[in-house]
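Structure data follow from my_file.cif (mmCIF, C-alpha atoms):
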data_work
loop_
_atom_site.group_PDB
_atom_site.id
_atom_site.type_symbol
_atom_site.label_atom_id
_atom_site.label_comp_id
_atom_site.auth_asym_id
_atom_site.auth_seq_id
_atom_site.Cartn_x
_atom_site.Cartn_y
_atom_site.Cartn_z
ATOM 1 C CA MET A 1 86.497 90.824 94.481
ATOM 2 C CA HIS A 2 85.186 88.016 96.675
ATOM 3 C CA ILE A 3 81.876 88.267 98.485
ATOM 4 C CA PRO A 4 81.364 85.467 101.047
ATOM 5 C CA LEU A 5 78.702 82.932 100.182
ATOM 6 C CA PRO A 6 75.587 82.692 102.338
ATOM 7 C CA SER A 7 75.673 80.414 105.364
ATOM 8 C CA ALA A 8 74.214 76.946 105.073
ATOM 9 C CA GLY A 9 70.913 77.888 106.684
ATOM 10 C CA SER A 10 70.231 80.896 104.495
ATOM 11 C CA ASP A 11 67.950 79.028 102.118
ATOM 12 C CA THR A 12 65.595 78.209 105.000
ATOM 13 C CA TRP A 13 64.878 81.826 105.872
ATOM 14 C CA SER A 14 61.447 83.229 105.216
ATOM 15 C CA GLU A 15 60.917 85.621 102.359
ATOM 16 C CA SER A 16 60.121 88.416 104.809
ATOM 17 C CA HIS A 17 63.425 87.803 106.573
ATOM 18 C CA SER A 18 65.279 87.829 103.264
ATOM 19 C CA GLU A 19 63.555 91.078 102.364
ATOM 20 C CA GLY A 20 64.769 92.542 105.642
ATOM 21 C CA LEU A 21 68.323 91.529 104.786
ATOM 22 C CA ARG A 22 67.992 93.113 101.355
ATOM 23 C CA GLU A 23 66.772 96.362 102.896
ATOM 24 C CA LEU A 24 69.685 96.296 105.331
ATOM 25 C CA ALA A 25 72.190 95.950 102.506
ATOM 26 C CA ALA A 26 70.495 98.669 100.458
ATOM 27 C CA SER A 27 70.513 101.154 103.350
ATOM 28 C CA THR A 28 74.054 100.502 104.581
ATOM 29 C CA HIS A 29 76.350 103.513 104.372
ATOM 30 C CA LEU A 30 78.913 103.175 101.581
ATOM 31 C CA THR A 31 81.833 103.634 103.979
ATOM 32 C CA ARG A 32 80.688 100.514 105.827
ATOM 33 C CA LEU A 33 80.580 98.519 102.600
ATOM 34 C CA ALA A 34 83.994 99.774 101.570
ATOM 35 C CA ALA A 35 85.461 98.837 104.942
ATOM 36 C CA ARG A 36 84.185 95.262 104.642
ATOM 37 C CA LEU A 37 84.830 94.748 100.934
ATOM 38 C CA ASP A 38 87.671 96.818 99.530
ATOM 39 C CA GLY A 39 88.496 100.445 100.301
ATOM 40 C CA ARG A 40 89.748 100.902 96.745
ATOM 41 C CA LEU A 41 86.307 100.347 95.233
ATOM 42 C CA SER A 42 84.684 103.425 93.744
ATOM 43 C CA ALA A 43 81.417 104.778 95.106
ATOM 44 C CA SER A 44 79.650 103.893 91.850
ATOM 45 C CA THR A 45 80.814 100.275 92.108
ATOM 46 C CA LEU A 46 79.677 100.033 95.707
ATOM 47 C CA VAL A 47 76.257 101.415 94.774
ATOM 48 C CA ARG A 48 75.910 98.844 91.984
ATOM 49 C CA LEU A 49 76.733 96.028 94.403
ATOM 50 C CA GLN A 50 74.371 97.471 96.991
ATOM 51 C CA LYS A 51 71.480 97.614 94.523
ATOM 52 C CA SER A 52 72.010 94.117 93.152
ATOM 53 C CA SER A 53 69.096 91.974 94.344
ATOM 54 C CA ARG A 54 71.245 88.902 93.663
ATOM 55 C CA LEU A 55 73.942 90.040 96.097
ATOM 56 C CA GLN A 56 72.004 91.887 98.780
ATOM 57 C CA VAL A 57 71.385 88.910 101.077
ATOM 58 C CA ARG A 58 75.062 87.921 100.863
ATOM 59 C CA LEU A 59 76.152 91.469 101.622
ATOM 60 C CA ALA A 60 73.841 91.657 104.622
ATOM 61 C CA GLU A 61 75.154 88.366 105.987
ATOM 62 C CA MET A 62 78.699 89.631 105.655
ATOM 63 C CA LEU A 63 77.863 92.944 107.328
ATOM 64 C CA LEU A 64 76.073 91.274 110.237
ATOM 65 C CA ALA A 65 78.996 88.902 110.776
ATOM 66 C CA ASN A 66 78.883 87.735 114.416
ATOM 67 C CA GLU A 67 75.208 88.635 114.739
ATOM 68 C CA MET A 68 74.105 86.110 112.118
ATOM 69 C CA ASP A 69 72.831 83.521 114.615
ATOM 70 C CA SER A 70 70.724 86.037 116.493
ATOM 71 C CA SER A 71 69.427 87.468 113.218
ATOM 72 C CA ARG A 72 67.462 84.287 112.515
ATOM 73 C CA ARG A 73 64.535 85.592 114.507
ATOM 74 C CA ASP A 74 61.575 87.481 113.056
ATOM 75 C CA TRP A 75 62.824 90.508 111.182
ATOM 76 C CA GLY A 76 60.844 93.494 112.457
ATOM 77 C CA ASP A 77 61.492 97.221 112.404
ATOM 78 C CA ASP A 78 64.836 98.411 113.689
ATOM 79 C CA LEU A 79 65.101 100.537 116.817
ATOM 80 C CA LEU A 80 64.592 103.770 114.857
ATOM 81 C CA ARG A 81 61.673 102.270 112.885
ATOM 82 C CA GLY A 82 63.485 102.942 109.635
ATOM 83 C CA ASP A 83 64.300 106.584 110.314
ATOM 84 C CA ASP A 84 67.685 108.000 109.372
ATOM 85 C CA PRO A 85 70.092 107.617 112.332
ATOM 86 C CA SER A 86 71.946 110.774 111.291
ATOM 87 C CA ARG A 87 68.673 112.681 111.617
ATOM 88 C CA ALA A 88 68.075 111.168 115.058
ATOM 89 C CA ALA A 89 71.596 112.128 116.105
ATOM 90 C CA LEU A 90 71.145 115.746 115.014
ATOM 91 C CA LEU A 91 67.886 115.945 116.943
ATOM 92 C CA ALA A 92 69.535 114.592 120.094
ATOM 93 C CA GLY A 93 72.521 116.893 119.654
ATOM 94 C CA SER A 94 70.261 119.888 119.218
ATOM 95 C CA ILE A 95 68.722 119.230 122.635
ATOM 96 C CA TRP A 96 72.171 118.778 124.145
ATOM 97 C CA HIS A 97 73.231 122.234 122.901
ATOM 98 C CA ALA A 98 69.831 123.957 123.099
ATOM 99 C CA ARG A 99 71.194 126.796 125.247
ATOM 100 C CA SER A 100 73.560 127.723 122.430
ATOM 101 C CA LEU A 101 70.741 127.540 119.893
ATOM 102 C CA VAL A 102 68.694 130.033 121.857
ATOM 103 C CA LYS A 103 71.560 132.513 122.070
ATOM 104 C CA LEU A 104 72.492 132.285 118.375
ATOM 105 C CA VAL A 105 70.419 135.142 116.962
ATOM 106 C CA SER A 106 72.631 136.714 114.306
ATOM 107 C CA LYS A 107 70.980 136.194 110.908
ATOM 108 C CA GLN A 108 74.329 135.408 109.314
ATOM 109 C CA HIS A 109 75.306 132.899 111.993
ATOM 110 C CA LEU A 110 71.839 131.379 112.003
ATOM 111 C CA ALA A 111 71.958 130.859 108.241
ATOM 112 C CA ILE A 112 75.284 129.019 108.560
ATOM 113 C CA LEU A 113 73.969 126.808 111.336
ATOM 114 C CA LEU A 114 70.721 125.976 109.552
ATOM 115 C CA ASP A 115 72.694 125.020 106.464
ATOM 116 C CA ARG A 116 74.548 122.444 108.540
ATOM 117 C CA ILE A 117 71.963 120.985 110.914
ATOM 118 C CA GLY A 118 68.674 121.913 109.246
ATOM 119 C CA ALA A 119 65.628 123.821 110.439
ATOM 120 C CA GLU A 120 64.041 120.743 112.024
ATOM 121 C CA ALA A 121 66.905 120.096 114.447
ATOM 122 C CA HIS A 122 67.188 123.791 115.271
ATOM 123 C CA ALA A 123 63.500 124.125 116.129
ATOM 124 C CA PHE A 124 63.445 120.804 117.973
ATOM 125 C CA GLY A 125 66.353 121.778 120.208
ATOM 126 C CA ILE A 126 64.796 125.097 121.163
ATOM 127 C CA ARG A 127 61.454 123.407 121.829
ATOM 128 C CA ASN A 128 63.191 121.070 124.290
ATOM 129 C CA LEU A 129 65.381 123.689 125.959
ATOM 130 C CA ALA A 130 64.390 122.412 129.416
ATOM 131 C CA SER A 131 66.244 119.150 128.683
ATOM 132 C CA ALA A 132 69.494 120.800 127.489
ATOM 133 C CA VAL A 133 72.693 119.209 128.787
ATOM 134 C CA ALA A 134 75.571 121.515 127.828
ATOM 135 C CA ILE A 135 76.019 124.363 130.318
ATOM 136 C CA THR A 136 78.555 126.427 128.396
ATOM 137 C CA THR A 137 77.419 127.986 125.125
ATOM 138 C CA THR A 138 79.109 128.250 121.737
ATOM 139 C CA ALA A 139 78.700 131.350 119.593
ATOM 140 C CA ASP A 140 80.496 130.114 116.479
ATOM 141 C CA PRO A 141 77.930 128.386 114.200
ATOM 142 C CA GLU A 142 80.415 126.045 112.536
ATOM 143 C CA GLN A 143 81.839 124.899 115.852
ATOM 144 C CA LEU A 144 78.344 124.560 117.271
ATOM 145 C CA SER A 145 77.202 122.392 114.367
ATOM 146 C CA GLN A 146 80.201 120.105 114.911
ATOM 147 C CA GLN A 147 79.412 119.841 118.609
ATOM 148 C CA ILE A 148 75.770 119.070 117.893
ATOM 149 C CA GLU A 149 76.744 116.340 115.462
ATOM 150 C CA HIS A 150 79.366 114.859 117.803
ATOM 151 C CA ASP A 151 77.289 114.820 120.982
ATOM 152 C CA GLY A 152 74.171 113.720 119.133
ATOM 153 C CA HIS A 153 75.912 110.729 117.573
ATOM 154 C CA ALA A 154 77.507 109.874 120.919
ATOM 155 C CA CYS A 155 74.089 109.898 122.618
ATOM 156 C CA LEU A 156 72.684 107.707 119.877
ATOM 157 C CA GLY A 157 75.581 105.278 120.294
ATOM 158 C CA ALA A 158 75.134 105.153 124.071
ATOM 159 C CA TRP A 159 71.416 104.486 123.599
ATOM 160 C CA LEU A 160 72.169 101.711 121.123
ATOM 161 C CA ASP A 161 74.618 100.107 123.563
ATOM 162 C CA GLU A 162 71.626 99.187 125.730
ATOM 163 C CA ALA A 163 70.126 97.139 122.881
ATOM 164 C CA SER A 164 71.066 93.726 121.509
ATOM 165 C CA ALA A 165 74.153 93.447 119.314
ATOM 166 C CA LEU A 166 71.967 92.796 116.276
ATOM 167 C CA ASP A 167 69.681 95.783 116.847
ATOM 168 C CA ARG A 168 72.667 98.041 117.492
ATOM 169 C CA THR A 169 74.435 96.878 114.336
ATOM 170 C CA ARG A 170 71.357 97.349 112.166
ATOM 171 C CA VAL A 171 71.308 101.052 113.047
ATOM 172 C CA LEU A 172 75.053 101.676 113.041
ATOM 173 C CA LEU A 173 75.388 100.229 109.542
ATOM 174 C CA ARG A 174 73.371 103.178 108.239
ATOM 175 C CA LEU A 175 75.902 105.644 109.664
ATOM 176 C CA PRO A 176 79.306 106.423 108.146
ATOM 177 C CA THR A 177 82.314 104.890 109.852
ATOM 178 C CA GLY A 178 84.097 106.955 112.470
ATOM 179 C CA THR A 179 81.213 108.846 114.110
ATOM 180 C CA ALA A 180 81.024 109.406 117.864
ATOM 181 C CA ALA A 181 78.272 106.771 117.985
ATOM 182 C CA GLU A 182 81.019 104.166 118.058
ATOM 183 C CA ASN A 183 82.663 105.473 121.229
ATOM 184 C CA PRO A 184 80.315 107.414 123.515
ATOM 185 C CA ALA A 185 81.617 108.873 126.781
ATOM 186 C CA ALA A 186 80.159 108.440 130.254
ATOM 187 C CA GLU A 187 78.360 111.792 130.042
ATOM 188 C CA HIS A 188 76.555 110.616 126.925
ATOM 189 C CA ARG A 189 75.512 107.378 128.583
ATOM 190 C CA ASN A 190 73.948 109.346 131.423
ATOM 191 C CA ALA A 191 71.924 111.589 129.099
ATOM 192 C CA ALA A 192 71.143 109.222 126.230
ATOM 193 C CA GLY A 193 67.920 107.722 127.602
ATOM 194 C CA PRO A 194 66.006 110.960 128.251
ATOM 195 C CA LEU A 195 67.213 112.632 125.043
ATOM 196 C CA LEU A 196 66.429 109.673 122.786
ATOM 197 C CA SER A 197 63.017 109.314 124.410
ATOM 198 C CA LEU A 198 62.234 112.827 123.213
ATOM 199 C CA VAL A 199 63.634 112.066 119.771
ATOM 200 C CA MET A 200 61.657 108.833 119.422
ATOM 201 C CA ALA A 201 58.447 110.559 120.476
ATOM 202 C CA HIS A 202 59.086 113.159 117.760
ATOM 203 C CA LEU A 203 60.013 110.892 114.851
ATOM 204 C CA PRO A 204 56.688 109.106 114.227
ATOM 205 C CA ARG A 205 54.826 112.412 114.341
ATOM 206 C CA GLU A 206 57.091 113.970 111.767
ATOM 207 C CA ARG A 207 57.578 111.031 109.405
ATOM 208 C CA PRO A 208 56.062 111.807 105.971
ATOM 209 C CA ARG A 209 52.951 109.842 105.083
ATOM 210 C CA HIS A 210 52.907 107.700 101.938
ATOM 211 C CA ASP A 211 49.271 106.620 101.975
ATOM 212 C CA SER A 212 47.715 109.814 100.698
#
Could you express the structure from this file as structure tokens?
Amino acid sequence: MHIPLPSAGSDTWSESHSEGLRELAASTHLTRLAARLDGRLSASTLVRLQKSSRLQVRLAEMLLANEMDSSRRDWGDDLLRGDDPSRAALLAGSIWHARSLVKLVSKQHLAILLDRIGAEAHAFGIRNLASAVAITTTADPEQLSQQIEHDGHACLGAWLDEASALDRTRVLLRLPTGTAAENPAAEHRNAAGPLLSLVMAHLPRERPRHDS
């Protein structure tokens, strides 16, 4: 398997920039790596490549592709400040479908839903009921979880479309291929800003502390 060599200017990058590239490679979803390398590679092989400090900068360069020139700036936090984009999408989707969350009261149905979206997203959606988007409600917990995931990812993708190509790519690489984040609809573009503002205000408050 061939991994492209670094570009000519790579050896001039600062150590902090190189560390950012390593972190990008290490956090990239395996489906993204497989799509760029070889879909026949096993998950264990991809993980080994991803964890190789010798290859991480090369992998990041390959994954950034057309954004390489713009990536030569200072490497700061990404738009989600390192938080999991799938988590952010579930939080946004829970607001979108908050009216359904409120009406889902059956213990059995609630258990199914919580197993799929988690207690955090469920509570967050209900807490932000006033910002709900979907008018019609869904009573089936499995269908509702799929809708939350779809609309949440689409809102995240629409929000990312307002950012630079590099910043957008840095977040999308942490998501699996094929999510709705890659092709949001007009309705998601209209709602993305307000919903992601609520999500971003929530994330720093809830991020676990590591200094205690």
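The point (76.8, 129.2, 112.9) has these residues within 8 Å of it, counting only C-alpha atoms: A:Leu104, A:Gln108, A:His109, A:Leu110, A:Ala111, A:Ile112, A:Leu113, A:Leu114, A:Ala139, A:Asp140, A:Pro141, A:Glu142, A:Gln143, A:Leu144, A:Ser145.
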Hits of the PyMOL selection byres ((chain A and resi 119-136) around 6) in this structure, as a VMD selection string:
chain A and resid 91 94 to 98 114 118 137
Give the padded box for range 85-91 of chain A as AutoDock Vina command-line options: axis-aligned, covering all atoms listed in the file, 6 Å on each side, centre and edge lengths in Å to one decimal.
--center_x 69.9 --center_y 111.8 --center_z 114.1 --size_x 16.1 --size_y 20.3 --size_z 17.7
Name the closest residue to Leu203 in chain A among the candidates A:Arg48, A:Arg32, A:Arg81, A:Arg168; distances are taken between atoms, counting only C-alpha atoms.
A:Arg81
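Here CA of Ser100 in chain A is placed at a distance of 17.8 Å from CA of Cys155 in chain A.
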Under the rule that only C-alpha atoms are counted, which of A:Glu19, A:Glu149, A:Glu162, A:Glu61 is the nearest residue to Pro85 in chain A?
A:Glu149
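CA of Pro204 in chain A is found 25.3 Å from CA of Val102 in chain A.
Taking CA of Gln56 in chain A and CA of Trp159 in chain A as the two end points, the separation is 27.8 Å.
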Expected selection from the PyMOL selection byres ((chain A and resi 172) around 10), given as JSON, numbers by chain
{"A": [28, 29, 32, 85, 86, 156, 157, 160, 166, 167, 168, 169, 170, 171, 173, 174, 175, 176, 177, 179, 181, 182]}
Using the chain letters and residue numbers of this document, give as an MDAnalysis selection string the residues selected by the PyMOL selection byres ((chain A and resi 199) around 9).
chainID A and resid 88:89 91:92 124 194:198 200:203
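Using all atoms listed in the file, the nearest neighbour of Arg87 in chain A within the list A:Arg40, A:His153, A:Arg58, A:Arg189 is A:His153.
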